[in-house]
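Below is the file input_0.txt, which contains compact mmCIF, C-alpha atoms.
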```
# COMPACT_ATOMS: atom_id res chain seq x y z
CA MET P 1 55.66 155.90 144.28
CA SER P 2 55.69 159.43 145.73
CA ASN P 3 59.23 159.06 147.02
CA GLU P 4 60.38 157.81 143.62
CA LEU P 5 58.69 160.75 141.92
CA ILE P 6 60.27 163.19 144.35
CA LYS P 7 63.65 161.64 143.66
CA ASN P 8 63.18 162.12 139.92
CA LEU P 9 62.04 165.71 140.38
CA LEU P 10 65.05 166.47 142.60
CA GLU P 11 67.30 165.15 139.84
CA ALA P 12 65.49 167.41 137.39
CA LEU P 13 66.11 170.34 139.71
CA GLU P 14 69.82 169.67 139.64
CA GLN P 15 69.69 170.24 135.90
CA SER P 16 67.41 173.28 136.23
CA PRO P 17 68.06 174.86 139.66
CA SER P 18 66.33 178.15 138.80
CA ASN P 19 63.01 176.48 137.93
CA VAL P 20 60.91 178.02 140.72
CA PRO P 21 57.55 176.31 139.92
CA LEU P 22 59.25 172.91 139.87
CA ARG P 23 61.08 173.56 143.14
CA LEU P 24 57.85 174.73 144.75
CA GLN P 25 56.09 171.55 143.61
CA VAL P 26 58.89 169.42 145.06
CA ALA P 27 58.74 171.33 148.34
CA GLN P 28 54.98 170.81 148.63
CA MET P 29 55.35 167.10 147.89
CA LEU P 30 58.04 166.78 150.57
CA LEU P 31 55.70 168.56 152.98
CA GLY P 32 52.93 166.11 152.09
CA GLU P 33 55.29 163.22 152.79
CA LYS P 34 56.13 164.74 156.21
CA ARG P 35 59.77 165.27 155.23
CA TYR P 36 59.64 168.64 156.92
CA GLN P 37 63.34 169.52 157.09
CA GLU P 38 63.88 168.75 153.40
CA ALA P 39 60.72 170.63 152.50
CA SER P 40 61.79 173.69 154.50
CA ASP P 41 65.14 173.72 152.68
CA GLN P 42 63.33 173.75 149.33
CA PHE P 43 60.84 176.43 150.39
CA ARG P 44 63.72 178.64 151.57
CA GLU P 45 65.45 178.19 148.23
CA VAL P 46 62.24 179.24 146.45
CA LEU P 47 62.15 182.40 148.57
CA GLN P 48 65.77 183.13 147.69
CA GLN P 49 64.83 183.07 144.02
CA SER P 50 61.28 184.48 144.32
CA TYR P 51 61.17 186.89 147.26
CA GLY P 52 57.75 187.16 148.88
CA ASN P 53 56.30 184.04 147.22
CA THR P 54 53.19 183.49 149.34
CA LYS P 55 52.90 179.74 148.71
CA ALA P 56 56.52 179.24 149.72
CA GLN P 57 56.07 181.36 152.85
CA LEU P 58 53.00 179.39 153.92
CA GLY P 59 54.74 176.09 153.20
CA LEU P 60 57.80 177.14 155.18
CA ALA P 61 55.63 178.23 158.11
CA ARG P 62 53.93 174.81 158.17
CA CYS P 63 57.33 173.12 158.12
CA TYR P 64 58.46 175.26 161.04
CA PHE P 65 55.30 174.32 162.94
CA HIS P 66 55.91 170.59 162.49
CA LEU P 67 59.60 171.06 163.36
CA THR P 68 58.47 172.85 166.56
CA LYS P 69 60.12 176.11 165.46
CA TYR P 70 57.09 178.05 166.57
CA SER P 71 58.63 181.51 166.84
CA ALA P 72 59.98 181.24 163.27
CA ALA P 73 56.53 180.22 162.03
CA ILE P 74 54.92 183.13 163.89
CA ILE P 75 57.15 185.64 162.10
CA ILE P 76 55.89 184.41 158.73
CA TYR P 77 52.25 184.21 159.82
CA GLU P 78 52.39 187.77 161.22
CA GLN P 79 53.43 189.06 157.80
CA LEU P 80 50.62 187.16 156.06
CA GLU P 81 48.01 187.49 158.81
CA ASN P 82 45.30 189.07 156.65
CA VAL P 83 45.53 186.51 153.82
CA LEU P 84 45.88 183.27 155.78
CA PRO P 85 43.69 180.30 154.75
CA GLU P 86 41.72 178.76 157.61
CA GLU P 87 44.14 175.84 158.02
CA ASP P 88 47.07 178.22 158.43
CA GLN P 89 45.12 180.35 160.90
CA VAL P 90 44.82 177.20 163.00
CA PHE P 91 48.58 176.58 162.80
CA TYR P 92 49.16 180.25 163.67
CA ILE P 93 46.97 180.08 166.78
CA LYS P 94 48.65 176.85 167.94
CA CYS P 95 52.10 178.42 167.50
CA LEU P 96 51.03 181.40 169.59
CA ILE P 97 49.61 179.14 172.31
CA ARG P 98 52.81 177.11 172.50
CA GLU P 99 54.87 180.30 172.67
CA ARG P 100 52.48 181.53 175.41
CA SER P 101 51.41 184.58 173.41
CA MET P 102 47.87 184.19 174.68
CA GLU P 103 46.60 187.70 173.95
CA GLN P 104 47.63 187.45 170.31
CA ALA P 105 46.23 183.90 170.06
CA ILE P 106 42.88 185.12 171.34
CA ALA P 107 42.82 187.95 168.79
CA ILE P 108 43.43 185.56 165.86
CA TYR P 109 40.96 183.04 167.30
CA ARG P 110 38.28 185.73 167.42
CA LYS P 111 38.77 186.52 163.73
CA LEU P 112 38.54 182.83 162.87
CA LEU P 113 35.29 182.45 164.83
CA LEU P 114 33.76 185.45 163.09
CA LEU P 115 34.31 183.70 159.75
CA GLN P 116 33.62 180.16 161.00
CA PRO P 117 31.28 180.34 164.05
CA ASN P 118 31.10 176.53 164.30
CA PHE P 119 34.88 176.06 164.21
CA LYS P 120 36.20 173.57 166.76
CA ASP P 121 39.66 172.29 167.57
CA GLU P 122 40.38 170.29 170.70
CA GLU P 123 43.80 171.81 171.46
CA ILE P 124 42.78 175.41 170.79
CA ASP P 125 39.45 175.11 172.60
CA SER P 126 41.14 173.61 175.67
CA HIS P 127 43.31 176.72 175.98
CA LEU P 128 41.02 179.49 174.79
CA ARG P 129 37.45 178.31 175.20
CA ALA P 130 35.47 176.50 177.86
CA SER P 131 31.83 175.67 177.08
CA SER P 132 29.42 175.41 179.96
CA SER P 133 26.64 172.90 179.43
CA GLY P 134 23.77 174.58 177.68
CA GLY P 135 25.26 178.00 178.33
CA PRO P 136 27.13 180.51 176.22
CA THR P 137 30.71 180.18 175.14
CA THR P 138 33.17 181.83 177.49
CA PHE P 139 36.86 182.43 177.08
CA GLY P 140 39.51 181.72 179.65
CA SER P 141 43.15 182.61 180.28
CA ASP P 142 45.81 182.06 182.92
CA ASP P 143 45.53 185.82 183.57
CA GLU P 144 41.93 186.81 184.25
CA SER P 145 42.73 190.45 183.45
CA ILE P 146 43.41 189.67 179.78
CA ILE P 147 39.73 189.35 178.89
CA GLU P 148 37.49 191.81 180.69
CA ASP P 149 34.36 191.43 178.64
CA MET P 150 32.91 189.98 175.49
CA ASP P 151 30.21 191.82 173.58
CA ALA P 152 28.97 191.53 170.02
CA SER P 153 31.68 188.94 169.27
CA TYR P 154 34.50 191.42 169.98
CA PHE P 155 37.17 190.81 172.61
CA MET P 156 38.25 193.53 175.00
CA GLU P 157 41.63 193.13 176.59
CA LYS P 158 43.13 194.95 179.52
CA PRO P 159 46.84 194.91 178.62
CA SER P 160 49.43 194.79 181.37
CA ILE P 161 52.28 196.22 179.27
CA LYS P 162 53.15 199.91 179.58
CA PHE P 163 55.38 202.45 177.85
CA GLU P 164 58.37 201.30 179.90
CA ASP P 165 58.06 197.93 178.16
CA VAL P 166 58.39 199.57 174.73
CA GLY P 167 61.96 200.20 173.59
CA GLY P 168 62.65 203.58 171.96
CA MET P 169 59.75 205.48 170.32
CA LYS P 170 60.34 208.59 172.46
CA SER P 171 58.60 211.04 170.10
CA VAL P 172 55.68 208.63 169.54
CA LYS P 173 55.18 208.25 173.30
CA GLU P 174 55.24 212.03 173.73
CA GLU P 175 52.57 212.54 171.06
CA ILE P 176 50.33 209.85 172.53
CA SER P 177 50.89 211.21 176.03
CA ILE P 178 49.81 214.79 175.24
CA LYS P 179 46.85 213.69 173.10
CA ILE P 180 45.54 210.71 175.08
CA ILE P 181 47.20 210.03 178.42
CA GLN P 182 47.49 213.47 180.01
CA PRO P 183 43.84 214.46 179.35
CA LEU P 184 42.79 211.40 181.36
CA LYS P 185 45.28 212.01 184.15
CA ASN P 186 44.56 215.75 184.38
CA PRO P 187 40.90 216.12 183.32
CA GLU P 188 40.25 219.40 185.16
CA LEU P 189 43.28 221.10 183.61
CA PHE P 190 42.34 220.06 180.09
CA LYS P 191 38.69 220.92 180.70
CA ALA P 192 39.74 224.46 181.66
CA PHE P 193 41.25 224.83 178.21
CA GLY P 194 38.22 223.30 176.52
CA LYS P 195 39.96 220.02 175.65
CA LYS P 196 37.99 216.76 175.89
CA THR P 197 39.34 213.31 176.62
CA GLY P 198 39.32 211.39 173.39
CA GLY P 199 40.34 211.88 169.79
CA GLY P 200 42.54 210.02 167.38
CA ILE P 201 46.13 209.41 166.36
CA LEU P 202 47.17 207.81 163.09
CA LEU P 203 50.43 205.86 163.32
CA TYR P 204 52.28 205.16 160.10
CA GLY P 205 55.59 203.62 159.10
CA PRO P 206 57.19 200.44 157.78
CA PRO P 207 55.76 197.08 158.89
CA GLY P 208 57.13 195.31 161.94
CA CYS P 209 58.13 198.46 163.87
CA GLY P 210 55.72 198.08 166.78
CA LYS P 211 52.63 200.13 165.90
CA THR P 212 50.27 197.54 167.41
CA PHE P 213 52.54 197.10 170.44
CA ILE P 214 52.59 200.82 171.26
CA ALA P 215 48.80 200.96 170.89
CA ARG P 216 48.39 198.11 173.37
CA ALA P 217 50.90 199.76 175.72
CA THR P 218 48.84 202.97 175.56
CA ALA P 219 45.85 201.11 176.98
CA GLY P 220 48.06 199.58 179.67
CA GLU P 221 49.47 203.00 180.56
CA ILE P 222 46.01 204.36 181.48
CA ASN P 223 44.49 201.08 182.70
CA ALA P 224 41.97 201.19 179.86
CA LYS P 225 40.27 198.46 177.90
CA PHE P 226 41.69 197.71 174.45
CA ILE P 227 39.86 196.57 171.32
CA ASN P 228 41.92 195.57 168.28
CA ILE P 229 39.91 195.86 165.05
CA GLY P 230 40.92 194.51 161.65
CA LEU P 231 39.33 194.56 158.22
CA HIS P 232 37.59 191.19 158.77
CA ASP P 233 35.82 192.54 161.86
CA ILE P 234 34.02 195.13 159.75
CA LEU P 235 33.47 194.09 156.15
CA ASP P 236 30.43 191.98 155.35
CA MET P 237 29.15 190.71 152.02
CA TRP P 238 25.59 191.96 152.71
CA MET P 239 24.70 195.57 151.92
CA GLY P 240 24.59 197.73 155.04
CA ASN P 241 26.07 195.15 157.42
CA SER P 242 29.58 196.62 157.28
CA GLU P 243 28.29 200.00 158.44
CA LYS P 244 26.31 198.25 161.19
CA ASN P 245 29.42 196.34 162.33
CA LEU P 246 31.41 199.57 162.49
CA HIS P 247 28.69 201.29 164.53
CA GLU P 248 28.53 198.34 166.98
CA ILE P 249 32.29 198.51 167.52
CA PHE P 250 32.14 202.21 168.41
CA GLU P 251 29.10 201.65 170.64
CA LEU P 252 30.99 198.89 172.47
CA ALA P 253 33.87 201.29 173.08
CA ARG P 254 31.49 204.06 174.24
CA ARG P 255 29.91 201.71 176.80
CA ASN P 256 33.31 200.81 178.23
CA THR P 257 35.23 204.07 178.57
CA PRO P 258 38.07 204.72 178.96
CA CYS P 259 38.71 202.50 175.99
CA VAL P 260 41.45 202.42 173.36
CA LEU P 261 40.00 201.47 169.99
CA PHE P 262 42.75 200.36 167.63
CA PHE P 263 42.23 200.00 163.87
CA ASP P 264 44.98 198.01 162.21
CA GLU P 265 45.73 198.60 158.50
CA VAL P 266 43.23 201.44 158.47
CA ASP P 267 44.05 202.20 154.82
CA ALA P 268 42.06 199.05 153.92
CA ILE P 269 39.00 200.48 155.68
CA GLY P 270 39.52 204.18 155.04
CA ALA P 271 40.90 204.16 151.50
CA SER P 272 40.74 207.37 149.52
CA ARG P 273 37.22 207.72 148.17
CA SER P 274 38.55 209.19 144.92
CA ASP P 275 40.19 205.82 144.24
CA LEU P 276 37.03 203.81 144.92
CA LYS P 277 34.64 202.77 142.21
CA GLN P 278 32.39 200.70 144.47
CA SER P 279 29.75 202.77 146.25
CA ALA P 280 29.51 200.15 149.06
CA MET P 281 33.00 201.01 150.38
CA ARG P 282 32.19 204.71 150.10
CA HIS P 283 29.28 204.13 152.50
CA VAL P 284 31.61 202.34 154.94
CA ILE P 285 34.09 205.23 154.86
CA ASN P 286 31.31 207.78 155.39
CA GLN P 287 30.06 205.74 158.36
CA PHE P 288 33.61 205.62 159.76
CA LEU P 289 33.92 209.41 159.48
CA SER P 290 30.55 209.87 161.15
CA GLU P 291 31.54 207.62 164.05
CA LEU P 292 34.83 209.50 164.50
CA ASP P 293 32.94 212.79 164.63
CA GLY P 294 30.56 211.42 167.25
CA ALA P 295 27.77 213.12 165.34
CA SER P 296 25.00 211.08 166.97
CA SER P 297 26.92 209.76 169.99
CA ASN P 298 29.39 210.99 172.59
CA ASN P 299 33.00 209.86 172.02
CA GLU P 300 34.21 211.25 175.33
CA GLY P 301 36.76 208.79 176.73
CA VAL P 302 37.00 206.81 173.49
CA LEU P 303 40.66 206.94 172.49
CA ILE P 304 41.19 206.01 168.86
CA LEU P 305 44.49 204.81 167.45
CA ALA P 306 44.98 203.55 163.92
CA ALA P 307 47.95 202.12 162.07
CA THR P 308 48.86 201.98 158.41
CA ASN P 309 51.83 201.13 156.26
CA ALA P 310 50.42 203.32 153.48
CA PRO P 311 49.27 206.72 154.83
CA TRP P 312 49.11 208.07 151.27
CA SER P 313 46.21 205.68 150.62
CA VAL P 314 44.09 206.98 153.52
CA ASP P 315 41.30 209.41 152.62
CA PRO P 316 42.40 212.99 153.56
CA ALA P 317 39.08 213.50 155.33
CA PHE P 318 40.33 211.24 158.14
CA ARG P 319 43.01 213.81 159.01
CA ARG P 320 40.63 216.68 159.72
CA PRO P 321 40.47 218.11 163.28
CA GLY P 322 38.55 215.89 165.69
CA ARG P 323 39.36 212.76 163.72
CA PHE P 324 42.95 211.53 163.26
CA ASP P 325 44.32 215.02 163.75
CA ARG P 326 47.71 213.73 164.88
CA VAL P 327 49.66 211.75 162.30
CA VAL P 328 52.76 210.18 163.84
CA PHE P 329 55.67 208.49 162.07
CA VAL P 330 56.81 205.23 163.74
CA GLU P 331 60.34 204.76 162.50
CA PRO P 332 62.51 201.64 162.78
CA PRO P 333 64.07 201.27 166.24
CA ASP P 334 67.20 203.32 166.91
CA GLU P 335 70.47 201.73 168.04
CA LYS P 336 69.60 201.71 171.73
CA ALA P 337 66.15 200.26 171.06
CA ARG P 338 67.63 197.61 168.74
CA GLU P 339 69.99 196.54 171.51
CA GLU P 340 67.07 196.28 173.95
CA ILE P 341 65.05 194.22 171.47
CA LEU P 342 67.98 191.87 170.83
CA LEU P 343 68.57 191.34 174.55
CA SER P 344 64.87 190.64 175.00
CA GLN P 345 64.87 188.10 172.16
CA LEU P 346 68.00 186.39 173.51
CA LYS P 347 66.64 186.14 177.03
CA ASP P 348 66.42 182.56 178.36
CA LYS P 349 68.38 181.22 175.36
CA PRO P 350 71.80 179.55 175.70
CA VAL P 351 74.20 182.38 174.82
CA ALA P 352 77.91 182.97 175.14
CA ASP P 353 79.35 186.47 175.34
CA ILE P 354 77.35 188.46 172.80
CA ASP P 355 78.34 191.97 171.86
CA SER P 356 74.78 193.28 171.60
CA LYS P 357 76.01 196.83 171.00
CA LYS P 358 78.03 195.69 167.97
CA ILE P 359 75.06 193.82 166.54
CA ALA P 360 72.81 196.83 167.14
CA GLN P 361 75.28 199.03 165.26
CA SER P 362 75.22 196.58 162.32
CA THR P 363 71.42 196.47 162.02
CA ALA P 364 70.44 200.01 161.03
CA GLU P 365 67.01 200.08 159.33
CA TYR P 366 66.06 196.69 160.83
CA SER P 367 62.55 196.56 162.28
CA GLY P 368 61.69 194.78 165.50
CA ALA P 369 60.32 191.89 163.44
CA ASP P 370 63.58 191.78 161.45
CA LEU P 371 65.61 191.53 164.65
CA LYS P 372 63.40 188.68 165.84
CA ALA P 373 64.02 186.95 162.51
CA LEU P 374 67.79 187.35 162.94
CA VAL P 375 67.70 185.62 166.30
CA ASP P 376 65.51 182.83 164.90
CA ILE P 377 67.92 182.24 162.01
CA ALA P 378 70.87 182.09 164.42
CA VAL P 379 68.95 179.75 166.73
CA GLU P 380 68.11 177.40 163.86
CA GLU P 381 71.78 177.14 162.92
CA LYS P 382 72.79 176.48 166.53
CA LEU P 383 70.13 173.80 166.81
CA ARG P 384 71.69 172.01 163.84
CA GLU P 385 75.15 172.30 165.36
CA SER P 386 73.88 171.11 168.75
CA MET P 387 72.23 168.05 167.20
CA GLN P 388 75.42 167.17 165.34
CA ALA P 389 77.62 167.74 168.39
CA GLY P 390 75.25 166.00 170.79
CA SER P 391 75.41 168.93 173.22
CA ILE P 392 74.12 172.49 173.46
CA GLN P 393 76.16 174.93 171.39
CA LYS P 394 75.76 178.48 172.66
CA LEU P 395 74.90 181.48 170.52
CA GLY P 396 77.66 184.00 169.98
CA THR P 397 78.24 187.32 168.24
CA LYS P 398 79.49 185.59 165.07
CA ASP P 399 76.25 183.63 164.77
CA LEU P 400 74.20 186.83 164.73
CA GLN P 401 76.61 188.48 162.30
CA LYS P 402 76.16 185.51 159.99
CA ALA P 403 72.37 185.85 160.29
CA ILE P 404 72.63 189.53 159.31
CA LYS P 405 74.12 188.46 155.98
CA LEU P 406 71.17 186.12 155.41
CA HIS P 407 68.37 188.50 156.38
CA ARG P 408 68.30 192.03 155.04
CA PRO P 409 66.04 194.73 156.56
CA THR P 410 62.49 194.56 155.21
CA THR P 411 62.02 198.29 155.76
CA VAL P 412 64.17 199.19 152.74
CA GLU P 413 61.42 198.48 150.23
CA TRP P 414 58.93 200.55 152.23
CA PHE P 415 61.28 203.54 152.38
CA ALA P 416 61.84 203.36 148.63
CA THR P 417 58.11 203.98 148.13
CA ALA P 418 57.74 206.43 151.02
CA ARG P 419 60.67 208.53 149.78
CA ASN P 420 58.83 209.31 146.53
CA TYR P 421 55.71 210.44 148.37
CA ALA P 422 57.79 212.50 150.80
CA LEU P 423 59.58 214.26 147.95
CA TYR P 424 56.81 214.72 145.41
CA ALA P 425 53.45 214.55 147.26
CA ASN P 426 54.22 216.38 150.46
CA GLU P 427 52.75 219.86 150.08
CA SER P 428 51.49 219.93 153.68
CA GLY P 429 54.78 218.63 155.11
CA LEU P 430 53.01 215.52 156.43
CA TYR P 431 55.88 213.25 155.39
CA ASP P 432 58.74 215.49 156.58
CA PRO P 433 59.60 212.95 159.33
CA ILE P 434 60.42 210.43 156.57
CA LEU P 435 62.81 212.90 154.95
CA ASN P 436 64.37 213.64 158.34
CA TYR P 437 64.90 209.95 158.95
CA LEU P 438 66.47 209.51 155.51
CA LYS P 439 68.52 212.71 156.04
CA ILE P 440 67.16 214.28 152.86
CA ARG P 441 66.75 218.04 152.52
CA ARG P 442 63.80 219.34 150.55
```

Represent the structure from my file as structure tokens, please.
Amino acid sequence: MSNELIKNLLEALEQSPSNVPLRLQVAQMLLGEKRYQEASDQFREVLQQSYGNTKAQLGLARCYFHLTKYSAAIIIYEQLENVLPEEDQVFYIKCLIRERSMEQAIAIYRKLLLLQPNFKDEEIDSHLRASSSGGPTTFGSDDESIIEDMDASYFMEKPSIKFEDVGGMKSVKEEISIKIIQPLKNPELFKAFGKKTGGGILLYGPPGCGKTFIARATAGEINAKFINIGLHDILDMWMGNSEKNLHEIFELARRNTPCVLFFDEVDAIGASRSDLKQSAMRHVINQFLSELDGASSNNEGVLILAATNAPWSVDPAFRRPGRFDRVVFVEPPDEKAREEILLSQLKDKPVADIDSKKIAQSTAEYSGADLKALVDIAVEEKLRESMQAGSIQKLGTKDLQKAIKLHRPTTVEWFATARNYALYANESGLYDPILNYLKIRR
């Protein structure tokens, strides 16, 4: 009956191809019938007509999972990470495990356990959790250095990546080095000038440009522990618990110095108090400011990085000296960095002669995530060709050029908004780097 109904609905779509709700319904029915390739085609068509449709994105990610296109699914889940239903969080974790992105899988798994402490899944648990009889839950990894400690339900990593693993970002690395790295490497010199080890840097810029990656690399550069904190790690429905959670996170970092404490999407936690009507969030922000000041505790050796796509939404109080007193623009990768990212994404894939320099020149304004999406699109097409030909068809320059036409840079929309703030709400010159990037004179 379902197949007959789908057939009728597909015929109706032929008569009304721009009917997005109908196409979305058909796509979801195809997904339910396990006709994953057909469903993915329909979900992609919905996204062509309704850009950013969350239901279509989630449906497409599930199709990719079942079609074993894990990297393509990960790209979608990364964009929707903070709004994923539990079932999709499970798919996301499994994709990461199968792509051997264990650190990221652990981070998402932690968030899931905070919301669902009794959650169990045989495949995920076998990779990320091993329960000793009658004892506490412990977490394992192929690399014992990934998880150094577990305290108050928060994971601490010890990343192995360093600045040399991060393409481009020269000015960002310099800012982080003078504020965070050099004080630790030359403590006596900085002490002579009355400078303590610690403090904060706020990273801002379009999504997908590596803010989290550079934060993790910072910890690796100084052999420090790394704690990645999101909105779900802090907010609690009960009055006062959010402030308590925030305090526990800072206390954990203080007990394990040197420690890089990274707050992702900090605008969600530190929104401008003038825009808030709920007193509960005001209390959370005040607690955050107090912790940054180290009013009742010593923040020596606690290195605080935060990232936001919307710096104009962050309360100005966070930018006062001693808090996030360095605000750094993380721009899309330059041509050299784009070439490095492309070569990294193409590594271990069947490729012919690819003119990576030419592709890099054609992808101005593309973020690192956009470049990964380009490669995934090209790979999908080659997989189809390989299945039809019965042999492996190698990726070439033309395949990536074709993918460029299908995937436009996602940073454009962000810059459209940022440009207005940089032009009309920039009295302090905070957003001058945006104008410099856009080559606009004030």

From the options P:Glu81, P:Glu331, P:Glu14, P:Asp315, which residue's atoms come nearest to Leu231 in chain P, counting only C-alpha atoms?
P:Glu81

Could you jot down the CA of Lys358 in chain P to CA of Leu374 in chain P separation for me, Å, one decimal place?
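Separating CA of Lys358 in chain P from CA of Leu374 in chain P is a distance of 14.1 Å.
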
Which of these residues is nearest to His247 in chain P, using only C-alpha atoms: P:Ala416, P:Val266, P:Ile214, P:Leu292?
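For His247 in chain P, the nearest of the candidates is P:Leu292.
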
Point (76.8, 184.9, 161.2), cut-off 12 Å, counting all atoms listed in the file, residues as a ChimeraX atom specification:
/P:359,362,374-375,377-382,395-407

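Residue nearest Ser356 in chain P within the list P:Tyr204, P:Ile178, P:Glu340, P:Asn8: P:Glu340 [criterion: smallest interatomic distance, only C-alpha atoms].
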
As an exercise, work out the distance from CA of Gln57 in chain P to CA of Arg98 in chain P in Å and give it to one decimal place.
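Taking CA of Gln57 in chain P and CA of Arg98 in chain P, their separation equals 20.4 Å.
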
Which residue gives the smallest distance to His127 in chain P among P:Ile106, P:Leu113, P:Val90, P:Ala306, with only C-alpha atoms counted?
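The shortest atom-to-atom distance to His127 in chain P comes from P:Ile106.
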
Extract, using only C-alpha atoms, all DNA, RNA and protein residues at most 10 Å from Gln345 in chain P, discarding same-chain residues fewer than 4 positions from it, and format them as a PyMOL selection string.
chain P and resi 339-341+349+368+371-376

Taking into account only C-alpha atoms, which residue in the set P:Pro350, P:Ala105, P:His283, P:Pro333 is nearest to Asn241 in chain P?
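Ranking P:Pro350, P:Ala105, P:His283, P:Pro333 by distance to Asn241 in chain P, first place goes to P:His283.
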
Find the spatial neighbours of Asn82 in chain P, counting only C-alpha atoms, within a cut-off of 10 Å - ignore same-chain residues fewer than 2 positions away - and output them as a PyMOL selection string.
chain P and resi 77-80+84-85+89+111+230-232+265

Tell me which of P:Asp348, P:Glu11, P:Glu251, P:Asp267 sits closest to Gly294 in chain P, counting all atoms listed in the file.
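Using all atoms listed in the file, Gly294 in chain P sits closest to P:Glu251.
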
Write out as number ranges by chain the residues lying within 10 Å of range 26-32 of chain P, counting all atoms listed in the file and excluding same-chain residues fewer than 5 positions away.
P: 2-3, 5-10, 13, 20-21, 37-46, 55-56, 59-60, 62-63, 66

Could the residues in this selection be saved with C-alpha atoms as a short mmCIF file (atom, residue, chain, number, x, y, z; two decimals), keeping the file's coordinate frame?
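The result, written out as again.cif:
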```cif
data_model
loop_
_atom_site.label_atom_id
_atom_site.label_comp_id
_atom_site.auth_asym_id
_atom_site.auth_seq_id
_atom_site.Cartn_x
_atom_site.Cartn_y
_atom_site.Cartn_z
CA SER P 2 55.69 159.43 145.73
CA ASN P 3 59.23 159.06 147.02
CA LEU P 5 58.69 160.75 141.92
CA ILE P 6 60.27 163.19 144.35
CA LYS P 7 63.65 161.64 143.66
CA ASN P 8 63.18 162.12 139.92
CA LEU P 9 62.04 165.71 140.38
CA LEU P 10 65.05 166.47 142.60
CA LEU P 13 66.11 170.34 139.71
CA VAL P 20 60.91 178.02 140.72
CA PRO P 21 57.55 176.31 139.92
CA GLN P 37 63.34 169.52 157.09
CA GLU P 38 63.88 168.75 153.40
CA ALA P 39 60.72 170.63 152.50
CA SER P 40 61.79 173.69 154.50
CA ASP P 41 65.14 173.72 152.68
CA GLN P 42 63.33 173.75 149.33
CA PHE P 43 60.84 176.43 150.39
CA ARG P 44 63.72 178.64 151.57
CA GLU P 45 65.45 178.19 148.23
CA VAL P 46 62.24 179.24 146.45
CA LYS P 55 52.90 179.74 148.71
CA ALA P 56 56.52 179.24 149.72
CA GLY P 59 54.74 176.09 153.20
CA LEU P 60 57.80 177.14 155.18
CA ARG P 62 53.93 174.81 158.17
CA CYS P 63 57.33 173.12 158.12
CA HIS P 66 55.91 170.59 162.49
#
```

Please provide as a count of residues only all residues within 7 Å of Phe324 in chain P, with the sequence filter that same-chain residues fewer than 5 positions apart are discarded (counting all atoms listed in the file).
5

If we count all atoms listed in the file and set the cut-off at 9 Å, which residues sit around Val260 in chain P, ignoring sequence neighbours fewer than 3 positions away in its own chain? Please answer as a list in words.
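Here the answer would be Ala215, Arg216, Thr218, Ala219, Ala224, Lys225, Phe226, Ile227, Asn228, Ala253, Thr257, Gly301, Val302, Leu303, Ile304 and Leu305 of chain P.
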
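Going from CA of Glu157 in chain P over to CA of Ile74 in chain P, you cover 20.9 Å.
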
Would you mind putting back N, CA and C atoms on range 96-106 of chain P, then writing it out as a tab-separated table (two decimals), in the frame of the given file?
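The result, written out as rebuild-v6.tsv:
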```
chain	number	residue	atom	x	y	z
P	96	LEU	N	51.12	180.35	168.58
P	96	LEU	CA	51.03	181.40	169.59
P	96	LEU	C	50.76	180.81	170.97
P	97	ILE	N	49.90	179.80	171.03
P	97	ILE	CA	49.61	179.14	172.31
P	97	ILE	C	50.87	178.50	172.88
P	98	ARG	N	51.62	177.82	172.02
P	98	ARG	CA	52.81	177.11	172.50
P	98	ARG	C	53.95	178.06	172.84
P	99	GLU	N	53.89	179.28	172.29
P	99	GLU	CA	54.87	180.30	172.67
P	99	GLU	C	54.32	181.19	173.79
P	100	ARG	N	53.14	180.82	174.30
P	100	ARG	CA	52.48	181.53	175.41
P	100	ARG	C	52.14	182.98	175.08
P	101	SER	N	51.87	183.26	173.82
P	101	SER	CA	51.41	184.58	173.41
P	101	SER	C	49.88	184.55	173.38
P	102	MET	N	49.30	184.47	174.58
P	102	MET	CA	47.87	184.19	174.68
P	102	MET	C	47.00	185.34	174.16
P	103	GLU	N	47.42	186.57	174.41
P	103	GLU	CA	46.60	187.70	173.95
P	103	GLU	C	46.49	187.69	172.43
P	104	GLN	N	47.62	187.46	171.78
P	104	GLN	CA	47.63	187.45	170.31
P	104	GLN	C	46.84	186.25	169.79
P	105	ALA	N	46.97	185.10	170.47
P	105	ALA	CA	46.23	183.90	170.06
P	105	ALA	C	44.73	184.15	170.13
P	106	ILE	N	44.30	184.83	171.18
P	106	ILE	CA	42.88	185.12	171.34
P	106	ILE	C	42.39	186.03	170.21
```
